[in-house]
file protein.csv (CSV, C-alpha atoms)
chain,number,residue,atom,x,y,z
A,28,MET,CA,172.3,-50.0,88.7
A,29,ARG,CA,171.1,-46.7,90.2
A,30,MET,CA,167.6,-47.8,91.1
A,31,LYS,CA,167.1,-45.4,94.1
A,32,PRO,CA,169.4,-42.5,94.9
A,33,VAL,CA,172.4,-43.6,97.0
A,34,PRO,CA,172.9,-41.4,100.1
A,35,ASP,CA,175.5,-38.7,99.5
A,36,ILE,CA,177.4,-39.9,102.6
A,37,VAL,CA,177.9,-43.3,100.9
A,38,VAL,CA,179.0,-41.7,97.7
A,39,GLY,CA,181.5,-39.7,99.7
A,40,ARG,CA,183.1,-42.9,101.0
A,41,LEU,CA,183.7,-44.4,97.5
A,42,PRO,CA,186.7,-42.2,96.8
A,43,LEU,CA,188.2,-43.4,100.1
A,44,TYR,CA,187.8,-47.0,99.0
A,45,LEU,CA,189.2,-46.3,95.6
A,46,ARG,CA,192.3,-44.7,97.1
A,47,ALA,CA,192.9,-47.6,99.4
A,48,LEU,CA,192.5,-50.0,96.5
A,49,GLY,CA,195.0,-48.1,94.5
A,50,GLN,CA,197.5,-48.3,97.3
A,51,MET,CA,197.0,-52.0,97.8
A,52,LYS,CA,197.5,-52.5,94.1
A,53,ALA,CA,200.7,-50.4,94.2
A,54,GLU,CA,201.9,-52.6,97.0
A,55,GLY,CA,201.5,-55.6,94.8
A,56,ASN,CA,198.3,-57.1,96.1
A,57,THR,CA,195.6,-58.6,93.9
A,58,VAL,CA,192.8,-59.5,96.3
A,59,THR,CA,191.5,-57.8,99.4
A,60,SER,CA,188.6,-58.1,101.9
A,61,SER,CA,186.2,-55.7,103.6
A,62,HIS,CA,188.2,-56.5,106.8
A,63,GLU,CA,191.4,-55.4,105.2
A,64,LEU,CA,189.8,-52.2,103.8
A,65,ALA,CA,188.2,-51.6,107.3
A,66,ARG,CA,191.6,-51.9,108.9
A,67,ARG,CA,193.2,-49.4,106.6
A,68,LEU,CA,190.4,-46.9,106.6
A,69,GLY,CA,189.1,-47.0,110.1
A,70,ILE,CA,185.5,-47.7,108.8
A,71,SER,CA,183.7,-50.9,109.9
A,72,SER,CA,183.8,-53.8,107.5
A,73,ALA,CA,180.0,-54.1,107.8
A,74,GLN,CA,179.7,-50.5,106.7
A,75,ILE,CA,182.0,-51.1,103.7
A,76,ARG,CA,180.1,-54.2,102.6
A,77,LYS,CA,176.8,-52.3,103.0
A,78,ASP,CA,178.1,-49.3,101.0
A,79,LEU,CA,179.4,-51.5,98.1
A,80,SER,CA,176.3,-53.6,98.0
A,81,GLN,CA,174.3,-50.5,97.1
A,82,PHE,CA,176.0,-50.6,93.7
A,83,GLY,CA,176.1,-54.3,92.9
A,84,GLU,CA,177.9,-57.6,93.8
A,85,PHE,CA,181.6,-57.1,93.7
A,86,GLY,CA,183.0,-59.9,95.8
A,87,LYS,CA,182.2,-63.4,96.9
A,88,GLN,CA,181.5,-64.4,100.5
A,89,GLY,CA,184.8,-65.8,101.8
A,90,THR,CA,187.0,-65.1,98.8
A,91,GLY,CA,187.0,-61.3,99.1
A,92,TYR,CA,187.4,-58.7,96.4
A,93,ASN,CA,189.6,-58.7,93.3
A,94,ILE,CA,191.4,-55.4,93.7
A,95,ALA,CA,191.6,-54.5,90.0
A,96,PHE,CA,188.0,-55.4,89.3
A,97,LEU,CA,186.6,-53.5,92.3
A,98,GLN,CA,188.8,-50.5,91.4
A,99,GLU,CA,187.4,-50.4,87.9
A,100,GLN,CA,183.9,-50.7,89.1
A,101,ILE,CA,184.2,-47.9,91.6
A,102,GLN,CA,186.0,-45.7,89.0
A,103,ARG,CA,183.1,-46.3,86.7
A,104,ILE,CA,180.5,-45.5,89.4
A,105,LEU,CA,182.3,-42.3,90.3
A,106,GLY,CA,182.8,-41.4,86.6
A,107,VAL,CA,186.6,-41.3,86.9
A,108,ASP,CA,187.1,-44.1,84.4
A,109,ARG,CA,187.9,-41.1,82.2
A,110,THR,CA,190.0,-38.0,82.6
A,111,TRP,CA,188.2,-34.7,83.5
A,112,ASP,CA,189.6,-31.3,82.5
A,113,VAL,CA,189.9,-29.0,85.5
A,114,ALA,CA,190.5,-25.3,85.7
A,115,VAL,CA,192.3,-23.6,88.6
A,116,VAL,CA,191.3,-20.0,89.3
A,117,GLY,CA,193.5,-17.8,91.4
A,118,ILE,CA,197.2,-18.6,91.0
A,119,GLY,CA,198.7,-17.6,94.4
A,120,ASP,CA,200.7,-20.0,96.5
A,121,LEU,CA,197.8,-22.4,96.8
A,122,GLY,CA,196.7,-22.3,93.1
A,123,ARG,CA,200.3,-22.9,92.1
A,124,ALA,CA,200.6,-25.9,94.5
A,125,LEU,CA,197.4,-27.3,92.9
A,126,ALA,CA,198.7,-26.7,89.4
A,127,HIS,CA,202.0,-28.5,90.4
A,128,TYR,CA,200.3,-31.4,92.2
A,129,ALA,CA,201.1,-34.6,90.4
A,130,GLY,CA,198.6,-36.8,92.0
A,131,PHE,CA,195.5,-35.7,90.1
A,132,LEU,CA,196.1,-37.4,86.8
A,133,GLN,CA,196.1,-41.0,88.1
A,134,ARG,CA,192.8,-40.2,89.9
A,135,GLY,CA,190.9,-38.9,86.9
A,136,PHE,CA,191.8,-35.2,86.7
A,137,GLN,CA,193.9,-33.1,84.5
A,138,ILE,CA,194.6,-29.4,85.2
A,139,CYS,CA,194.2,-27.8,81.8
A,140,ALA,CA,193.6,-24.1,82.5
A,141,LEU,CA,194.9,-21.5,84.9
A,142,TYR,CA,193.3,-18.1,85.5
A,143,ASP,CA,194.3,-15.0,87.5
A,144,ASN,CA,193.5,-11.3,87.4
A,145,ASP,CA,197.0,-10.1,88.3
A,146,PRO,CA,198.6,-8.6,85.2
A,147,ALA,CA,202.1,-9.6,86.6
A,148,LYS,CA,201.0,-13.2,86.5
A,149,ILE,CA,199.1,-13.4,83.3
A,150,GLY,CA,201.3,-14.9,80.6
A,151,GLN,CA,203.5,-16.7,83.1
A,152,LYS,CA,203.9,-20.5,82.8
A,153,VAL,CA,203.2,-23.1,85.5
A,154,ARG,CA,204.3,-26.4,84.2
A,155,ASP,CA,203.2,-26.3,80.6
A,156,LEU,CA,200.2,-24.1,81.2
A,157,THR,CA,200.1,-20.3,80.6
A,158,ILE,CA,198.2,-18.3,83.2
A,159,GLN,CA,195.3,-16.6,81.4
A,160,SER,CA,193.4,-13.4,82.3
A,161,MET,CA,190.2,-13.8,84.2
A,162,ASP,CA,188.7,-11.6,81.5
A,163,VAL,CA,188.8,-14.5,79.0
A,164,MET,CA,187.9,-17.1,81.6
A,165,GLY,CA,184.2,-17.6,80.8
A,166,VAL,CA,184.8,-17.8,77.1
A,167,ASP,CA,187.8,-20.1,77.4
A,168,ILE,CA,186.0,-22.5,79.8
A,169,ARG,CA,183.0,-22.7,77.5
A,170,ARG,CA,185.2,-23.3,74.5
A,171,LYS,CA,187.2,-26.0,76.2
A,172,ASN,CA,184.0,-27.5,77.7
A,173,ILE,CA,185.5,-27.5,81.2
A,174,ARG,CA,183.0,-28.8,83.8
A,175,ILE,CA,185.2,-28.7,87.0
A,176,ALA,CA,187.1,-25.9,88.7
A,177,MET,CA,189.2,-25.4,91.8
A,178,LEU,CA,188.7,-21.9,93.2
A,179,ALA,CA,191.7,-20.5,95.1
A,180,VAL,CA,190.8,-16.8,94.9
A,181,PRO,CA,190.5,-14.4,97.9
A,182,LEU,CA,187.3,-14.7,100.0
A,183,SER,CA,185.9,-11.5,98.8
A,184,PHE,CA,185.9,-12.6,95.1
A,185,ALA,CA,184.8,-16.2,95.6
A,186,GLN,CA,181.1,-15.9,95.0
A,187,GLU,CA,181.5,-13.6,92.1
A,188,VAL,CA,184.0,-15.9,90.4
A,189,ALA,CA,181.9,-19.0,91.1
A,190,ASP,CA,178.9,-17.3,89.5
A,191,GLU,CA,180.9,-16.7,86.4
A,192,LEU,CA,182.3,-20.2,86.3
A,193,ILE,CA,178.8,-21.6,86.6
A,194,LYS,CA,177.5,-19.3,83.9
A,195,ALA,CA,180.3,-20.7,81.7
A,196,GLY,CA,179.2,-24.3,82.2
A,197,VAL,CA,181.1,-25.4,85.3
A,198,VAL,CA,179.0,-27.9,87.4
A,199,ALA,CA,181.5,-28.9,90.1
A,200,ILE,CA,183.5,-26.4,92.2
A,201,LEU,CA,186.1,-27.2,94.8
A,202,ASN,CA,186.2,-24.0,96.8
A,203,TYR,CA,189.4,-23.2,98.8
A,204,ALA,CA,188.2,-19.7,99.8
A,205,PRO,CA,187.1,-19.7,103.5
A,206,THR,CA,183.4,-18.9,102.7
A,207,SER,CA,180.3,-20.8,101.8
A,208,ILE,CA,179.5,-20.5,98.1
A,209,LYS,CA,175.9,-20.5,96.9
A,210,ALA,CA,175.2,-22.4,93.7
A,211,PRO,CA,172.0,-23.3,91.8
A,212,GLU,CA,170.6,-26.8,91.8
A,213,GLY,CA,172.6,-29.1,89.6
A,214,VAL,CA,175.9,-27.5,90.6
A,215,ARG,CA,178.0,-29.3,93.3
A,216,VAL,CA,180.3,-27.3,95.5
A,217,GLN,CA,182.7,-28.8,98.0
A,218,GLN,CA,185.0,-26.9,100.2
A,219,ILE,CA,188.5,-27.2,101.6
A,220,ASP,CA,189.1,-25.0,104.6
A,221,PRO,CA,192.0,-26.2,106.8
A,222,ALA,CA,190.9,-24.0,109.7
A,223,LEU,CA,187.6,-25.8,109.9
A,224,HIS,CA,189.4,-29.1,110.3
A,225,LEU,CA,191.8,-27.7,112.9
A,226,GLN,CA,188.9,-26.2,114.9
A,227,HIS,CA,187.1,-29.6,114.7
A,228,MET,CA,190.1,-31.2,116.3
A,229,THR,CA,190.8,-28.7,119.0
A,230,TYR,CA,187.4,-29.5,120.5
A,231,TYR,CA,189.0,-32.8,121.6
A,232,ILE,CA,192.3,-31.5,122.9
A,233,LYS,CA,192.3,-31.1,126.6
A,234,PRO,CA,193.9,-27.9,127.7
A,235,ASP,CA,197.5,-28.1,128.9
B,5,MET,CA,178.2,-28.5,130.0
B,6,ARG,CA,179.4,-31.7,128.3
B,7,MET,CA,177.1,-34.1,130.1
B,8,LYS,CA,177.1,-36.8,127.4
B,9,PRO,CA,179.4,-36.9,124.4
B,10,VAL,CA,178.2,-34.8,121.5
B,11,PRO,CA,178.2,-36.7,118.2
B,12,ASP,CA,181.3,-35.9,116.2
B,13,ILE,CA,179.2,-34.8,113.2
B,14,VAL,CA,177.7,-32.1,115.3
B,15,VAL,CA,181.1,-31.0,116.6
B,16,GLY,CA,182.2,-30.8,112.9
B,17,ARG,CA,179.4,-28.3,112.1
B,18,LEU,CA,180.4,-25.8,114.9
B,19,PRO,CA,183.4,-24.5,112.9
B,20,LEU,CA,181.0,-23.8,110.0
B,21,TYR,CA,178.7,-21.8,112.3
B,22,LEU,CA,181.6,-20.0,113.7
B,23,ARG,CA,182.9,-19.0,110.3
B,24,ALA,CA,179.5,-17.7,109.2
B,25,LEU,CA,179.1,-15.7,112.4
B,26,GLY,CA,182.6,-14.1,111.8
B,27,GLN,CA,181.4,-13.1,108.3
B,28,MET,CA,178.1,-11.7,109.6
B,29,LYS,CA,180.0,-9.6,112.2
B,30,ALA,CA,182.5,-8.4,109.5
B,31,GLU,CA,179.5,-7.3,107.5
B,32,GLY,CA,178.4,-5.1,110.4
B,33,ASN,CA,175.6,-7.3,111.8
B,34,THR,CA,175.0,-7.8,115.5
B,35,VAL,CA,172.1,-10.3,115.7
B,36,THR,CA,171.2,-13.3,113.6
B,37,SER,CA,168.8,-16.2,113.6
B,38,SER,CA,168.9,-19.9,112.9
B,39,HIS,CA,167.1,-19.1,109.6
B,40,GLU,CA,169.7,-16.6,108.5
B,41,LEU,CA,172.5,-19.2,109.4
B,42,ALA,CA,170.5,-21.8,107.5
B,43,ARG,CA,170.3,-19.7,104.5
B,44,ARG,CA,174.0,-19.0,104.4
B,45,LEU,CA,175.1,-22.5,105.2
B,46,GLY,CA,172.6,-24.7,103.4
B,47,ILE,CA,171.9,-26.5,106.6
B,48,SER,CA,168.3,-26.6,108.0
B,49,SER,CA,167.4,-24.1,110.7
B,50,ALA,CA,166.0,-27.0,112.8
B,51,GLN,CA,169.4,-28.8,112.6
B,52,ILE,CA,171.2,-25.6,113.6
B,53,ARG,CA,169.0,-25.1,116.6
B,54,LYS,CA,169.3,-28.7,117.6
B,55,ASP,CA,173.1,-28.7,117.3
B,56,LEU,CA,173.5,-25.5,119.4
B,57,SER,CA,171.0,-26.7,122.0
B,58,GLN,CA,173.4,-29.6,122.8
B,59,PHE,CA,175.8,-27.0,124.3
B,60,GLY,CA,173.4,-24.7,126.1
B,61,GLU,CA,170.9,-21.8,125.6
B,62,PHE,CA,172.4,-19.3,123.3
B,63,GLY,CA,169.4,-17.4,122.0
B,64,LYS,CA,165.8,-16.5,122.8
B,65,GLN,CA,162.8,-17.7,120.9
B,66,GLY,CA,161.8,-14.9,118.5
B,67,THR,CA,164.8,-12.6,119.2
B,68,GLY,CA,167.5,-14.8,117.6
B,69,TYR,CA,171.2,-14.9,118.5
B,70,ASN,CA,173.6,-12.1,119.6
B,71,ILE,CA,176.4,-12.7,117.0
B,72,ALA,CA,179.3,-11.7,119.3
B,73,PHE,CA,178.0,-13.7,122.2
B,74,LEU,CA,177.3,-16.9,120.1
B,75,GLN,CA,180.7,-16.5,118.5
B,76,GLU,CA,182.4,-16.3,121.9
B,77,GLN,CA,180.5,-19.4,123.1
B,78,ILE,CA,181.4,-21.5,120.1
B,79,GLN,CA,185.0,-20.4,120.3
B,80,ARG,CA,185.1,-21.5,123.9
B,81,ILE,CA,183.4,-24.8,123.1
B,82,LEU,CA,185.9,-25.6,120.3
B,83,GLY,CA,188.8,-24.4,122.4
B,84,VAL,CA,189.7,-21.6,119.9
B,85,ASP,CA,189.2,-18.8,122.5
B,86,ARG,CA,193.0,-19.1,122.6
B,87,THR,CA,195.7,-19.3,119.9
B,88,TRP,CA,197.3,-22.7,119.2
B,89,ASP,CA,200.8,-23.2,117.9
B,90,VAL,CA,200.9,-25.2,114.7
B,91,ALA,CA,203.8,-26.9,112.9
B,92,VAL,CA,204.0,-27.4,109.2
B,93,VAL,CA,206.0,-30.4,108.0
B,94,GLY,CA,207.1,-30.6,104.4
B,95,ILE,CA,207.7,-27.2,102.8
B,96,GLY,CA,206.9,-27.8,99.2
B,97,ASP,CA,204.4,-25.6,97.3
B,98,LEU,CA,201.7,-26.6,99.6
B,99,GLY,CA,203.6,-26.3,102.8
B,100,ARG,CA,204.7,-22.9,101.7
B,101,ALA,CA,201.1,-21.9,100.9
B,102,LEU,CA,200.0,-23.0,104.3
B,103,ALA,CA,202.9,-21.1,105.9
B,104,HIS,CA,201.8,-17.9,104.0
B,105,TYR,CA,198.1,-18.3,104.6
B,106,ALA,CA,197.0,-15.3,106.6
B,107,GLY,CA,193.6,-16.7,107.6
B,108,PHE,CA,194.7,-19.0,110.4
B,109,LEU,CA,195.5,-16.4,113.1
B,110,GLN,CA,192.0,-14.9,113.5
B,111,ARG,CA,190.6,-18.5,113.8
B,112,GLY,CA,192.8,-19.6,116.6
B,113,PHE,CA,196.0,-20.9,115.0
B,114,GLN,CA,199.5,-19.6,114.6
B,115,ILE,CA,202.1,-21.3,112.4
B,116,CYS,CA,205.2,-21.3,114.5
B,117,ALA,CA,207.5,-24.0,113.1
B,118,LEU,CA,208.4,-25.3,109.7
B,119,TYR,CA,210.3,-28.5,109.0
B,120,ASP,CA,211.7,-30.1,105.8
B,121,ASN,CA,214.4,-32.7,105.1
B,122,ASP,CA,215.7,-31.0,102.0
B,123,PRO,CA,219.2,-29.5,102.8
B,124,ALA,CA,218.5,-26.8,100.1
B,125,LYS,CA,215.5,-25.6,102.0
B,126,ILE,CA,216.8,-25.9,105.6
B,127,GLY,CA,217.7,-22.4,106.9
B,128,GLN,CA,215.5,-20.6,104.3
B,129,LYS,CA,212.9,-18.2,105.7
B,130,VAL,CA,209.2,-18.3,105.0
B,131,ARG,CA,207.6,-15.2,106.5
B,132,ASP,CA,209.5,-14.8,109.7
B,133,LEU,CA,210.1,-18.5,110.2
B,134,THR,CA,213.2,-20.4,109.4
B,135,ILE,CA,212.8,-23.9,107.9
B,136,GLN,CA,214.3,-26.4,110.2
B,137,SER,CA,215.7,-29.9,109.6
B,138,MET,CA,213.4,-32.8,110.3
B,139,ASP,CA,216.3,-34.2,112.3
B,140,VAL,CA,215.5,-31.7,115.1
B,141,MET,CA,211.7,-31.9,114.6
B,142,GLY,CA,210.8,-34.2,117.5
B,143,VAL,CA,213.0,-32.3,120.1
B,144,ASP,CA,211.9,-28.9,118.8
B,145,ILE,CA,208.2,-29.8,118.9
B,146,ARG,CA,208.5,-31.2,122.4
B,147,ARG,CA,210.4,-28.1,123.6
B,148,LYS,CA,207.8,-25.8,122.1
B,149,ASN,CA,205.0,-27.9,123.4
B,150,ILE,CA,203.3,-27.9,119.9
B,151,ARG,CA,200.2,-30.1,119.9
B,152,ILE,CA,199.0,-29.5,116.3
B,153,ALA,CA,200.7,-30.2,113.0
B,154,MET,CA,199.9,-29.9,109.3
B,155,LEU,CA,201.5,-32.7,107.3
B,156,ALA,CA,202.4,-31.8,103.7
B,157,VAL,CA,205.1,-34.5,103.0
B,158,PRO,CA,205.0,-37.0,100.2
B,159,LEU,CA,202.7,-40.0,100.6
B,160,SER,CA,205.5,-42.4,101.2
B,161,PHE,CA,206.8,-40.6,104.3
B,162,ALA,CA,203.4,-39.6,105.8
B,163,GLN,CA,202.9,-42.4,108.3
B,164,GLU,CA,206.6,-42.3,109.5
B,165,VAL,CA,206.5,-38.5,110.0
B,166,ALA,CA,203.1,-38.8,111.7
B,167,ASP,CA,204.5,-41.4,114.1
B,168,GLU,CA,207.4,-39.1,115.0
B,169,LEU,CA,205.1,-36.1,115.5
B,170,ILE,CA,202.8,-38.2,117.8
B,171,LYS,CA,205.8,-39.4,119.8
B,172,ALA,CA,206.8,-35.8,120.3
B,173,GLY,CA,203.4,-34.9,121.8
B,174,VAL,CA,201.3,-33.9,118.7
B,175,VAL,CA,197.7,-34.8,119.3
B,176,ALA,CA,196.0,-33.4,116.2
B,177,ILE,CA,197.3,-33.8,112.6
B,178,LEU,CA,195.9,-32.3,109.5
B,179,ASN,CA,197.2,-34.7,106.8
B,180,TYR,CA,197.6,-33.4,103.2
B,181,ALA,CA,199.2,-36.6,102.0
B,182,PRO,CA,196.8,-38.7,99.9
B,183,THR,CA,196.9,-41.7,102.3
B,184,SER,CA,195.1,-42.7,105.5
B,185,ILE,CA,197.2,-42.3,108.6
B,186,LYS,CA,196.9,-44.5,111.5
B,187,ALA,CA,197.1,-42.9,115.0
B,188,PRO,CA,196.7,-44.2,118.5
B,189,GLU,CA,193.6,-43.4,120.5
B,190,GLY,CA,193.7,-39.8,121.8
B,191,VAL,CA,195.2,-38.5,118.6
B,192,ARG,CA,192.9,-36.9,116.0
B,193,VAL,CA,193.7,-37.0,112.4
B,194,GLN,CA,191.8,-35.2,109.7
B,195,GLN,CA,192.7,-35.3,106.1
B,196,ILE,CA,192.6,-32.9,103.1
B,197,ASP,CA,192.8,-34.7,99.8
B,198,PRO,CA,191.3,-32.6,96.9
B,199,ALA,CA,191.0,-35.6,94.6
B,200,LEU,CA,188.6,-37.2,97.0
B,201,HIS,CA,186.3,-34.2,96.8
B,202,LEU,CA,186.6,-34.0,93.0
B,203,GLN,CA,185.7,-37.7,92.7
B,204,HIS,CA,182.8,-37.2,95.1
B,205,MET,CA,181.4,-34.6,92.7
B,206,THR,CA,182.0,-36.3,89.4
B,207,TYR,CA,179.6,-39.0,90.6
B,208,TYR,CA,176.8,-36.4,90.0
B,209,ILE,CA,178.0,-35.0,86.7
B,210,LYS,CA,176.1,-36.5,83.8
B,211,PRO,CA,178.4,-37.5,80.9
B,212,ASP,CA,178.5,-35.0,78.1

call {"tool": "encode", "arguments": {"input": "protein.csv", "output": "structure tokens"}}
result
Amino acid sequence: MRMKPVPDIVVGRLPLYLRALGQMKAEGNTVTSSHELARRLGISSAQIRKDLSQFGEFGKQGTGYNIAFLQEQIQRILGVDRTWDVAVVGIGDLGRALAHYAGFLQRGFQICALYDNDPAKIGQKVRDLTIQSMDVMGVDIRRKNIRIAMLAVPLSFAQEVADELIKAGVVAILNYAPTSIKAPEGVRVQQIDPALHLQHMTYYIKPD
Amino acid sequence: MRMKPVPDIVVGRLPLYLRALGQMKAEGNTVTSSHELARRLGISSAQIRKDLSQFGEFGKQGTGYNIAFLQEQIQRILGVDRTWDVAVVGIGDLGRALAHYAGFLQRGFQICALYDNDPAKIGQKVRDLTIQSMDVMGVDIRRKNIRIAMLAVPLSFAQEVADELIKAGVVAILNYAPTSIKAPEGVRVQQIDPALHLQHMTYYIKPD
């Protein structure tokens, strides 16, 4: 299927399609169309058809897409037709929110380890998970073969902790610290920084 | 300055440049170059020069950029040479984390109102802010002239709450609910959904 590399921007839209399909299914629908997806997502139907066609033939002209089938195919393409173990590092307000967030499981992710370096937090439970010391993080991640981590540590520690995670075998990091993290080839880093989004939007707000 | 519209993807990179400049300044630097920015951000130096040139002349060939000057210029372009009032709606774990996050202020944003519809939470304080009922949200936002909101409510309420915020004068919404929100022209919506980022990355992870 993957004859030539698909542009990363196209890959990045697949999770959006998958989420919309999940919602349509939850609403009781069984078929959809690129037009319906377009309407929900604010992406043109031509773009959606072009994106999906990079991976195969998922619908028939005029009859649209079978939701469950397309959902399964995109899950397979994205590698979320399985459940990935995920570690959360830094159990402040945000790390705790991530640990509690119930929406990951149905989308392919299970939080299975929490680490912090605050002695007052180590040993505490969040849901059914015990917060572990960052001293054992590397060994524990390697032992559990965790490949994905969410990083919610202060800015000044982010690179150092990321380096340790990578050394322990982590290949995908979702970084919540407001700084760019450097990673070697083969390791993916994505970042969530709400201030970036806010600043992007204020560009368009006309002054009062 | 804004002769023709700048592509949104370029606008979206300015906050990244601004953040990197802030870090360089904090590290004690006074000048930088497109190459140094490129190295930090993983964006090509040609792209950075091209992006910045859309807004004016900020550096001299060979001598680079004055960090403080470029920072001020980008702040002005993005409209964050002032402080924006921001409301947080939905004070669960995530809303609380947002309310506590200390990093907004230096980047142009001040959380100034918290709303929830849980009677047990209404009246509680987070930092120096009292959680208010969503019954008074519309009136309160209009009275305070709040233009920006962060939405951390459950998925099933997200569109309804967004509609109410927009009716009250909000023109920029950062949506944390895992669903696409529809907004009329003139209202910007950006979304933070960690599972989207995780699914984007798993595409690249080779199975064990």

call {"tool": "residues_around", "arguments": {"input": "protein.csv", "residues": "region 45-56 of chain B", "least_positions_apart": "3", "cutoff": "12 Å", "atoms": "only C-alpha atoms", "output": "MDAnalysis selection string"}}
result
(chainID A and resid 206:212 216 218) or (chainID B and resid 5 10:25 27 36:42 59:65 68:69 74:75 77:78 81)

call {"tool": "atom_distance", "arguments": {"input": "protein.csv", "atom1": "CA of Asn121 (chain B)", "atom2": "CA of Gln136 (chain B)"}}
result
8.1 Å

call {"tool": "interface_residues", "arguments": {"input": "protein.csv", "of": "chain B", "to": "chain A", "cutoff": "7 Å", "atoms": "only C-alpha atoms", "output": "MDAnalysis selection string"}}
result
chainID B and resid 15:16 19:20 45 81:84 97:98 101 108 111 176 184 192 194 199:201 203:207

call {"tool": "atom_distance", "arguments": {"input": "protein.csv", "atom1": "CA of Val143 (chain B)", "atom2": "CA of Tyr119 (chain B)"}}
result
12.0 Å

call {"tool": "atom_distance", "arguments": {"input": "protein.csv", "atom1": "CA of Arg109 (chain A)", "atom2": "CA of Ala129 (chain A)"}}
result
16.8 Å

call {"tool": "residues_around", "arguments": {"input": "protein.csv", "residues": "Ile135 (chain B)", "least_positions_apart": "5", "cutoff": "8 Å", "atoms": "only C-alpha atoms", "output": "list in words"}}
result
Ile95, Ala117, Leu118, Tyr119, Asp120, Lys125, Ile126, Gly127, Gln128, Lys129 and Val130 of chain B

call {"tool": "closest_residue", "arguments": {"input": "protein.csv", "among": "A:Val115, A:Leu192, A:Ala95, A:Met164", "to": "Gly49 (chain A)", "atoms": "only C-alpha atoms"}}
result
A:Ala95

call {"tool": "decode", "arguments": {"input": "protein.csv", "residues": "region 145-194 of chain B", "atoms": "C-alpha atoms", "output": "tab-separated table (two decimals), in the first residue's frame"}}
result
chain	number	residue	atom	x	y	z
B	145	ILE	CA	-18.30	37.79	29.12
B	146	ARG	CA	-20.11	40.60	27.38
B	147	ARG	CA	-19.70	42.90	30.37
B	148	LYS	CA	-15.98	42.13	30.64
B	149	ASN	CA	-15.58	42.36	26.87
B	150	ILE	CA	-13.74	39.02	26.76
B	151	ARG	CA	-12.89	38.03	23.18
B	152	ILE	CA	-11.00	34.77	23.76
B	153	ALA	CA	-12.08	31.56	25.48
B	154	MET	CA	-10.60	28.15	26.19
B	155	LEU	CA	-13.20	25.42	26.09
B	156	ALA	CA	-12.60	22.42	28.35
B	157	VAL	CA	-16.14	21.05	28.59
B	158	PRO	CA	-17.28	17.53	27.71
B	159	LEU	CA	-17.66	16.73	24.02
B	160	SER	CA	-21.45	16.68	24.12
B	161	PHE	CA	-21.69	20.30	25.33
B	162	ALA	CA	-18.90	21.78	23.25
B	163	GLN	CA	-20.89	23.15	20.30
B	164	GLU	CA	-23.67	24.52	22.48
B	165	VAL	CA	-21.24	26.32	24.80
B	166	ALA	CA	-19.24	27.62	21.84
B	167	ASP	CA	-22.42	29.04	20.32
B	168	GLU	CA	-23.16	30.85	23.55
B	169	LEU	CA	-19.62	32.22	23.80
B	170	ILE	CA	-19.79	33.49	20.24
B	171	LYS	CA	-23.14	35.13	20.89
B	172	ALA	CA	-21.55	36.91	23.85
B	173	GLY	CA	-18.79	38.35	21.67
B	174	VAL	CA	-16.02	35.73	21.80
B	175	VAL	CA	-14.14	35.64	18.49
B	176	ALA	CA	-11.37	33.14	19.25
B	177	ILE	CA	-11.93	29.73	20.83
B	178	LEU	CA	-9.30	27.22	21.81
B	179	ASN	CA	-11.28	24.01	21.92
B	180	TYR	CA	-10.07	21.10	24.07
B	181	ALA	CA	-13.17	18.96	23.49
B	182	PRO	CA	-12.41	16.14	21.04
B	183	THR	CA	-14.87	17.32	18.39
B	184	SER	CA	-14.82	19.84	15.56
B	185	ILE	CA	-16.70	23.03	16.40
B	186	LYS	CA	-18.54	25.02	13.80
B	187	ALA	CA	-18.28	28.78	13.98
B	188	PRO	CA	-19.48	31.60	11.76
B	189	GLU	CA	-17.09	33.60	9.62
B	190	GLY	CA	-15.02	36.02	11.65
B	191	VAL	CA	-14.67	33.59	14.56
B	192	ARG	CA	-11.46	31.57	14.80
B	193	VAL	CA	-11.42	28.13	16.35
B	194	GLN	CA	-8.30	26.15	17.07
